[in-house]
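Trainee: Compact mmCIF, N, CA and C atoms, file run.txt:
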```
# COMPACT_ATOMS: atom_id res chain seq x y z
N MET A 1 2.83 49.30 -34.28
CA MET A 1 3.03 50.73 -34.22
C MET A 1 4.21 51.10 -35.12
N ASP A 2 3.98 52.00 -36.05
CA ASP A 2 5.03 52.48 -36.95
C ASP A 2 5.66 53.73 -36.36
N VAL A 3 6.96 53.73 -36.35
CA VAL A 3 7.70 54.89 -35.87
C VAL A 3 8.40 55.51 -37.07
N ALA A 4 8.12 56.78 -37.32
CA ALA A 4 8.74 57.46 -38.45
C ALA A 4 10.21 57.74 -38.14
N ASP A 5 11.06 57.45 -39.10
CA ASP A 5 12.49 57.71 -38.96
C ASP A 5 12.82 58.93 -39.81
N ASP A 6 12.89 60.08 -39.15
CA ASP A 6 13.18 61.33 -39.85
C ASP A 6 14.67 61.61 -39.95
N TRP A 7 15.50 60.78 -39.32
CA TRP A 7 16.94 61.03 -39.31
C TRP A 7 17.52 61.04 -40.71
N GLY A 8 17.05 60.15 -41.55
CA GLY A 8 17.61 60.05 -42.89
C GLY A 8 17.31 61.24 -43.78
N VAL A 9 16.29 62.01 -43.44
CA VAL A 9 15.91 63.14 -44.29
C VAL A 9 16.20 64.49 -43.64
N ASP A 10 16.72 64.48 -42.44
CA ASP A 10 17.06 65.72 -41.74
C ASP A 10 18.23 66.39 -42.46
N PRO A 11 18.03 67.61 -43.01
CA PRO A 11 19.08 68.28 -43.78
C PRO A 11 20.37 68.51 -42.98
N SER A 12 20.25 68.85 -41.72
CA SER A 12 21.46 69.10 -40.93
C SER A 12 22.23 67.81 -40.70
N LEU A 13 21.53 66.71 -40.54
CA LEU A 13 22.19 65.42 -40.38
C LEU A 13 22.86 65.00 -41.69
N GLN A 14 22.17 65.22 -42.79
CA GLN A 14 22.76 64.88 -44.09
C GLN A 14 24.03 65.69 -44.32
N MET A 15 24.01 66.98 -43.95
CA MET A 15 25.20 67.81 -44.11
C MET A 15 26.34 67.29 -43.25
N MET A 16 26.05 66.93 -42.00
CA MET A 16 27.10 66.42 -41.11
C MET A 16 27.68 65.12 -41.64
N ARG A 17 26.86 64.28 -42.22
CA ARG A 17 27.36 63.04 -42.82
C ARG A 17 28.32 63.35 -43.96
N ARG A 18 27.97 64.36 -44.77
CA ARG A 18 28.85 64.75 -45.87
C ARG A 18 30.17 65.33 -45.33
N VAL A 19 30.07 66.13 -44.27
CA VAL A 19 31.27 66.70 -43.66
C VAL A 19 32.18 65.58 -43.15
N PHE A 20 31.61 64.63 -42.42
CA PHE A 20 32.42 63.53 -41.89
C PHE A 20 33.00 62.68 -43.02
N GLY A 21 32.24 62.52 -44.08
CA GLY A 21 32.75 61.78 -45.25
C GLY A 21 33.96 62.47 -45.85
N ARG A 22 33.88 63.79 -45.97
CA ARG A 22 35.02 64.56 -46.52
C ARG A 22 36.22 64.50 -45.58
N ILE A 23 35.94 64.58 -44.28
CA ILE A 23 37.02 64.51 -43.29
C ILE A 23 37.73 63.16 -43.39
N GLU A 24 36.97 62.09 -43.50
CA GLU A 24 37.57 60.76 -43.64
C GLU A 24 38.42 60.68 -44.89
N LYS A 25 37.94 61.29 -45.97
CA LYS A 25 38.69 61.24 -47.23
C LYS A 25 40.00 62.02 -47.13
N VAL A 26 39.96 63.24 -46.59
CA VAL A 26 41.20 64.02 -46.51
C VAL A 26 42.19 63.37 -45.55
N GLN A 27 41.67 62.74 -44.51
CA GLN A 27 42.56 62.03 -43.58
C GLN A 27 43.22 60.84 -44.26
N ARG A 28 42.43 60.07 -44.98
CA ARG A 28 42.96 58.90 -45.70
C ARG A 28 44.01 59.33 -46.72
N ASP A 29 43.70 60.42 -47.46
CA ASP A 29 44.64 60.92 -48.46
C ASP A 29 45.95 61.41 -47.83
N LEU A 30 45.84 62.12 -46.70
CA LEU A 30 47.04 62.62 -46.03
C LEU A 30 47.90 61.46 -45.55
N LEU A 31 47.29 60.49 -44.91
CA LEU A 31 48.06 59.34 -44.41
C LEU A 31 48.75 58.60 -45.55
N LYS A 32 48.04 58.46 -46.66
CA LYS A 32 48.61 57.77 -47.82
C LYS A 32 49.81 58.55 -48.36
N ARG A 33 49.65 59.87 -48.51
CA ARG A 33 50.74 60.69 -49.06
C ARG A 33 51.97 60.68 -48.16
N LEU A 34 51.74 60.51 -46.85
CA LEU A 34 52.86 60.51 -45.89
C LEU A 34 53.35 59.10 -45.58
N SER A 35 52.74 58.11 -46.21
CA SER A 35 53.09 56.70 -45.97
C SER A 35 52.95 56.32 -44.50
N VAL A 36 51.87 56.81 -43.88
CA VAL A 36 51.57 56.47 -42.49
C VAL A 36 50.46 55.42 -42.51
N SER A 37 50.68 54.34 -41.81
CA SER A 37 49.71 53.26 -41.76
C SER A 37 48.42 53.72 -41.06
N PRO A 38 47.26 53.29 -41.57
CA PRO A 38 46.01 53.61 -40.87
C PRO A 38 45.90 52.88 -39.53
N TYR A 39 46.86 52.02 -39.24
CA TYR A 39 46.89 51.29 -37.97
C TYR A 39 47.98 51.81 -37.03
N ASP A 40 48.59 52.92 -37.40
CA ASP A 40 49.64 53.52 -36.56
C ASP A 40 49.04 53.83 -35.18
N PRO A 41 49.68 53.37 -34.11
CA PRO A 41 49.13 53.58 -32.76
C PRO A 41 49.03 55.06 -32.36
N ARG A 42 49.76 55.93 -33.02
CA ARG A 42 49.70 57.37 -32.71
C ARG A 42 48.46 58.03 -33.29
N LEU A 43 47.83 57.35 -34.22
CA LEU A 43 46.72 57.95 -34.96
C LEU A 43 45.57 58.37 -34.05
N ARG A 44 45.24 57.60 -33.06
CA ARG A 44 44.14 57.98 -32.16
C ARG A 44 44.43 59.31 -31.47
N ARG A 45 45.67 59.45 -30.98
CA ARG A 45 46.05 60.70 -30.31
C ARG A 45 45.99 61.87 -31.28
N TRP A 46 46.47 61.65 -32.50
CA TRP A 46 46.42 62.71 -33.51
C TRP A 46 44.98 63.10 -33.82
N ARG A 47 44.13 62.10 -33.98
CA ARG A 47 42.72 62.36 -34.30
C ARG A 47 42.03 63.11 -33.16
N ASP A 48 42.32 62.72 -31.93
CA ASP A 48 41.71 63.41 -30.79
C ASP A 48 42.12 64.87 -30.75
N LYS A 49 43.40 65.13 -30.96
CA LYS A 49 43.87 66.53 -30.99
C LYS A 49 43.25 67.28 -32.16
N ALA A 50 43.19 66.64 -33.31
CA ALA A 50 42.62 67.29 -34.49
C ALA A 50 41.15 67.62 -34.28
N ARG A 51 40.40 66.70 -33.71
CA ARG A 51 38.97 66.94 -33.45
C ARG A 51 38.79 68.10 -32.48
N TYR A 52 39.58 68.10 -31.40
CA TYR A 52 39.50 69.16 -30.41
C TYR A 52 39.76 70.53 -31.05
N HIS A 53 40.82 70.60 -31.86
CA HIS A 53 41.17 71.87 -32.49
C HIS A 53 40.22 72.23 -33.63
N LEU A 54 39.66 71.24 -34.30
CA LEU A 54 38.64 71.52 -35.31
C LEU A 54 37.46 72.24 -34.65
N GLU A 55 37.01 71.71 -33.51
CA GLU A 55 35.89 72.34 -32.81
C GLU A 55 36.22 73.77 -32.41
N ARG A 56 37.43 74.00 -31.92
CA ARG A 56 37.85 75.35 -31.56
C ARG A 56 37.89 76.26 -32.79
N CYS A 57 38.36 75.73 -33.90
CA CYS A 57 38.42 76.51 -35.14
C CYS A 57 37.02 76.87 -35.63
N LEU A 58 36.09 75.95 -35.51
CA LEU A 58 34.72 76.24 -35.95
C LEU A 58 34.10 77.35 -35.10
N VAL A 59 34.39 77.34 -33.81
CA VAL A 59 33.90 78.41 -32.93
C VAL A 59 34.56 79.73 -33.32
N GLN A 60 35.85 79.71 -33.54
CA GLN A 60 36.57 80.93 -33.91
C GLN A 60 36.09 81.47 -35.26
N ALA A 61 35.85 80.59 -36.21
CA ALA A 61 35.35 81.02 -37.51
C ALA A 61 34.00 81.70 -37.36
N SER A 62 33.16 81.14 -36.52
CA SER A 62 31.85 81.74 -36.28
C SER A 62 32.00 83.13 -35.67
N ARG A 63 32.91 83.26 -34.71
CA ARG A 63 33.15 84.57 -34.08
C ARG A 63 33.63 85.61 -35.10
N LEU A 64 34.43 85.13 -36.06
CA LEU A 64 34.98 86.05 -37.07
C LEU A 64 34.03 86.26 -38.25
N GLY A 65 32.90 85.58 -38.23
CA GLY A 65 31.94 85.71 -39.32
C GLY A 65 32.36 84.99 -40.59
N ILE A 66 33.21 83.97 -40.44
CA ILE A 66 33.67 83.19 -41.58
C ILE A 66 32.78 81.97 -41.71
N GLU A 67 32.15 81.85 -42.87
CA GLU A 67 31.27 80.72 -43.11
C GLU A 67 32.10 79.47 -43.40
N VAL A 68 31.74 78.38 -42.72
CA VAL A 68 32.46 77.12 -42.89
C VAL A 68 31.48 76.09 -43.43
N GLY A 69 31.74 75.68 -44.67
CA GLY A 69 30.94 74.63 -45.29
C GLY A 69 31.68 73.31 -45.22
N GLU A 70 31.23 72.37 -46.02
CA GLU A 70 31.81 71.03 -46.02
C GLU A 70 33.30 71.06 -46.40
N GLU A 71 33.62 71.76 -47.46
CA GLU A 71 35.01 71.83 -47.93
C GLU A 71 35.91 72.49 -46.90
N GLU A 72 35.43 73.60 -46.34
CA GLU A 72 36.24 74.34 -45.37
C GLU A 72 36.46 73.51 -44.10
N ALA A 73 35.43 72.79 -43.65
CA ALA A 73 35.56 71.96 -42.45
C ALA A 73 36.62 70.88 -42.67
N ALA A 74 36.61 70.26 -43.84
CA ALA A 74 37.60 69.24 -44.15
C ALA A 74 38.99 69.85 -44.23
N CYS A 75 39.09 71.03 -44.80
CA CYS A 75 40.36 71.74 -44.90
C CYS A 75 40.91 72.04 -43.49
N ILE A 76 40.05 72.54 -42.62
CA ILE A 76 40.47 72.82 -41.25
C ILE A 76 40.93 71.54 -40.57
N TYR A 77 40.17 70.47 -40.74
CA TYR A 77 40.51 69.21 -40.08
C TYR A 77 41.88 68.70 -40.53
N VAL A 78 42.14 68.70 -41.82
CA VAL A 78 43.41 68.16 -42.29
C VAL A 78 44.58 69.02 -41.79
N HIS A 79 44.37 70.31 -41.66
CA HIS A 79 45.41 71.16 -41.10
C HIS A 79 45.62 70.85 -39.61
N CYS A 80 44.53 70.64 -38.89
CA CYS A 80 44.63 70.29 -37.47
C CYS A 80 45.30 68.93 -37.29
N LEU A 81 44.95 67.98 -38.15
CA LEU A 81 45.56 66.65 -38.07
C LEU A 81 47.06 66.74 -38.37
N SER A 82 47.42 67.48 -39.40
CA SER A 82 48.84 67.60 -39.74
C SER A 82 49.59 68.32 -38.63
N TRP A 83 48.97 69.30 -37.98
CA TRP A 83 49.58 70.01 -36.86
C TRP A 83 49.87 69.04 -35.73
N ALA A 84 48.91 68.17 -35.41
CA ALA A 84 49.10 67.17 -34.35
C ALA A 84 50.22 66.20 -34.72
N MET A 85 50.27 65.82 -35.97
CA MET A 85 51.32 64.91 -36.43
C MET A 85 52.70 65.57 -36.33
N LYS A 86 52.77 66.85 -36.70
CA LYS A 86 54.04 67.57 -36.62
C LYS A 86 54.54 67.64 -35.19
N LEU A 87 53.62 67.76 -34.23
CA LEU A 87 54.02 67.79 -32.82
C LEU A 87 54.74 66.51 -32.41
N ASP A 88 54.41 65.41 -33.09
CA ASP A 88 55.03 64.11 -32.83
C ASP A 88 56.25 63.86 -33.72
N GLY A 89 56.66 64.88 -34.45
CA GLY A 89 57.87 64.75 -35.25
C GLY A 89 57.66 64.24 -36.66
N VAL A 90 56.42 64.08 -37.09
CA VAL A 90 56.16 63.63 -38.47
C VAL A 90 56.36 64.83 -39.39
N LYS A 91 57.09 64.62 -40.45
CA LYS A 91 57.34 65.68 -41.43
C LYS A 91 56.14 65.76 -42.38
N VAL A 92 55.44 66.87 -42.32
CA VAL A 92 54.30 67.10 -43.20
C VAL A 92 54.60 68.36 -44.01
N PRO A 93 54.92 68.18 -45.28
CA PRO A 93 55.21 69.36 -46.12
C PRO A 93 53.96 70.24 -46.28
N ASP A 94 54.14 71.52 -46.07
CA ASP A 94 53.02 72.45 -46.19
C ASP A 94 52.41 72.44 -47.59
N LYS A 95 53.22 72.12 -48.58
CA LYS A 95 52.73 72.16 -49.96
C LYS A 95 51.66 71.10 -50.25
N ILE A 96 51.55 70.07 -49.41
CA ILE A 96 50.52 69.06 -49.66
C ILE A 96 49.19 69.39 -48.98
N LEU A 97 49.19 70.46 -48.18
CA LEU A 97 47.97 70.85 -47.48
C LEU A 97 47.17 71.85 -48.32
N PRO A 98 45.85 71.79 -48.22
CA PRO A 98 45.02 72.72 -49.00
C PRO A 98 45.23 74.16 -48.54
N LYS A 99 45.07 75.07 -49.47
CA LYS A 99 45.26 76.49 -49.18
C LYS A 99 43.90 77.19 -49.20
N ASP A 100 43.64 77.99 -48.18
CA ASP A 100 42.43 78.79 -48.11
C ASP A 100 42.73 79.95 -47.16
N GLU A 101 42.76 81.16 -47.69
CA GLU A 101 43.15 82.32 -46.91
C GLU A 101 42.27 82.55 -45.69
N LYS A 102 40.96 82.39 -45.85
CA LYS A 102 40.05 82.59 -44.71
C LYS A 102 40.34 81.57 -43.61
N ILE A 103 40.57 80.34 -44.02
CA ILE A 103 40.84 79.28 -43.06
C ILE A 103 42.18 79.51 -42.37
N GLN A 104 43.15 80.04 -43.09
CA GLN A 104 44.46 80.32 -42.50
C GLN A 104 44.34 81.31 -41.35
N ILE A 105 43.45 82.27 -41.48
CA ILE A 105 43.21 83.25 -40.40
C ILE A 105 42.75 82.53 -39.14
N VAL A 106 41.81 81.63 -39.31
CA VAL A 106 41.26 80.88 -38.18
C VAL A 106 42.33 79.98 -37.57
N LEU A 107 43.06 79.28 -38.41
CA LEU A 107 44.09 78.36 -37.92
C LEU A 107 45.17 79.09 -37.13
N LYS A 108 45.56 80.27 -37.60
CA LYS A 108 46.60 81.04 -36.90
C LYS A 108 46.13 81.44 -35.50
N GLU A 109 44.85 81.74 -35.38
CA GLU A 109 44.29 82.11 -34.08
C GLU A 109 44.26 80.92 -33.12
N VAL A 110 43.91 79.77 -33.61
CA VAL A 110 43.68 78.60 -32.75
C VAL A 110 44.94 77.79 -32.51
N LEU A 111 45.77 77.61 -33.53
CA LEU A 111 46.95 76.76 -33.41
C LEU A 111 48.21 77.55 -33.10
N LYS A 112 48.10 78.51 -32.22
CA LYS A 112 49.25 79.35 -31.86
C LYS A 112 50.28 78.53 -31.11
```
Would you mind giving the structure from this file in structure tokens?

Mentor:
Amino acid sequence: MDVADDWGVDPSLQMMRRVFGRIEKVQRDLLKRLSVSPYDPRLRRWRDKARYHLERCLVQASRLGIEVGEEEAACIYVHCLSWAMKLDGVKVPDKILPKDEKIQIVLKEVLK
């Protein structure tokens, strides 16, 4: 019996894979720029907080009618991750974070 595997061709799944790929890249780049080890024990806590706030930001963006694509999702995530890191006392210069006015509106609402 052959079972068709439609997961590989599902457009929404392909988009989510691209989003997660971009998120992994921006996270890796941020950690490298800040000289934070990918094995830092605080990283799990930071990622959990970032994921939670990313989800809240995506909901808020939808409420505000702001379209969030792959780039915007990664931008939101890196801001949420840096916010979580700052709560732990890590110095994250704002100048190294991506700028997007629409995303800033969402972040201000969620990361109050």

Trainee: For the atom pair CA of Val90 (chain A) and CA of Pro38 (chain A), what is the interatomic distance in Å to one decimal place?

Mentor: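 Taking CA of Val90 (chain A) and CA of Pro38 (chain A), their separation equals 14.5 Å.
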
Trainee: What residues in region 32-95 of chain A get the DSSP label helix (DSSP H, G or I)? Please answer as a ChimeraX atom specification.

Mentor: /A:32-33,43-64,70-87,94-95

Trainee: Restricting the calculation to all atoms listed in the file, which member of A:Leu97, A:Met15, A:Val106, A:Ala84 is positioned closest to Glu70 (chain A)?

Mentor: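 Comparing A:Leu97, A:Met15, A:Val106, A:Ala84 against Glu70 (chain A), the winner is A:Met15.
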
Trainee: Find the residue from A:Val92, A:Ile23, A:Ile66, A:Leu13 that sits nearest to Ala50 (chain A); use only C-alpha atoms when measuring.

Mentor: A:Ile23

Trainee: Provide the atom C of Leu43 (chain A) to atom N of Glu109 (chain A) distance in Å, to one decimal place.

Mentor: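 So the answer is 23.4 Å.
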
Trainee: Using only N, CA and C atoms, determine which residues lie at most 7 Å from Gly69 (chain A), disregarding the query and same-chain residues fewer than 4 positions distant; provide the list as a list in words.

Mentor: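 Surrounding residues, per the criterion: Val19, Ala73 and Ala74 of chain A.
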
Trainee: Specify the axis-aligned box that encloses all atoms of region 80-97 of chain A listed in the file after padding of 3 Å on each side, stating its centre and edge lengths in Å to one decimal as AutoDock Vina command-line options.

Mentor:
```
--center_x 51.2 --center_y 68.0 --center_z -41.3 --size_x 19.3 --size_y 14.8 --size_z 23.8
```

Trainee: Distance atom C of Met16 (chain A)-atom C of Glu72 (chain A), one decimal place?

Mentor: 12.4 Å

Trainee: Kindly indicate which residue among A:Ile76, A:Asp94, A:Trp46, A:Pro41 lies nearest to Gln60 (chain A), using only C-alpha atoms for the distances.

Mentor: A:Ile76

Trainee: Can you tell me which residues surround Ala61 (chain A) at a distance of at most 9 Å, considering only C-alpha atoms, apart from same-chain residues fewer than 6 positions away, and format the answer as a CSV table (one decimal) with N, CA and C atoms, in the coordinates of the input?

Mentor:
```
chain,number,residue,atom,x,y,z
A,67,GLU,N,32.2,81.8,-42.9
A,67,GLU,CA,31.3,80.7,-43.1
A,67,GLU,C,32.1,79.5,-43.4
A,68,VAL,N,31.7,78.4,-42.7
A,68,VAL,CA,32.5,77.1,-42.9
A,68,VAL,C,31.5,76.1,-43.4
A,102,LYS,N,41.0,82.4,-45.8
A,102,LYS,CA,40.0,82.6,-44.7
A,102,LYS,C,40.3,81.6,-43.6
A,103,ILE,N,40.6,80.3,-44.0
A,103,ILE,CA,40.8,79.3,-43.1
A,103,ILE,C,42.2,79.5,-42.4
A,105,ILE,N,43.4,82.3,-41.5
A,105,ILE,CA,43.2,83.2,-40.4
A,105,ILE,C,42.8,82.5,-39.1
A,106,VAL,N,41.8,81.6,-39.3
A,106,VAL,CA,41.3,80.9,-38.2
A,106,VAL,C,42.3,80.0,-37.6
```

Trainee: Which of these, A:Val59, A:Val78, A:Val9, A:Leu111, has the shortest distance to Val26 (chain A) once you count all atoms listed in the file?

Mentor: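 Using all atoms listed in the file, the shortest distance to Val26 (chain A) belongs to A:Val78.
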
Trainee: Between A:Arg28, A:Tyr77, A:Arg18, A:Pro98, which one has atoms that come closest to Leu54 (chain A), using all atoms listed in the file?

Mentor: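 Under the stated criterion, the closest residue is A:Tyr77.
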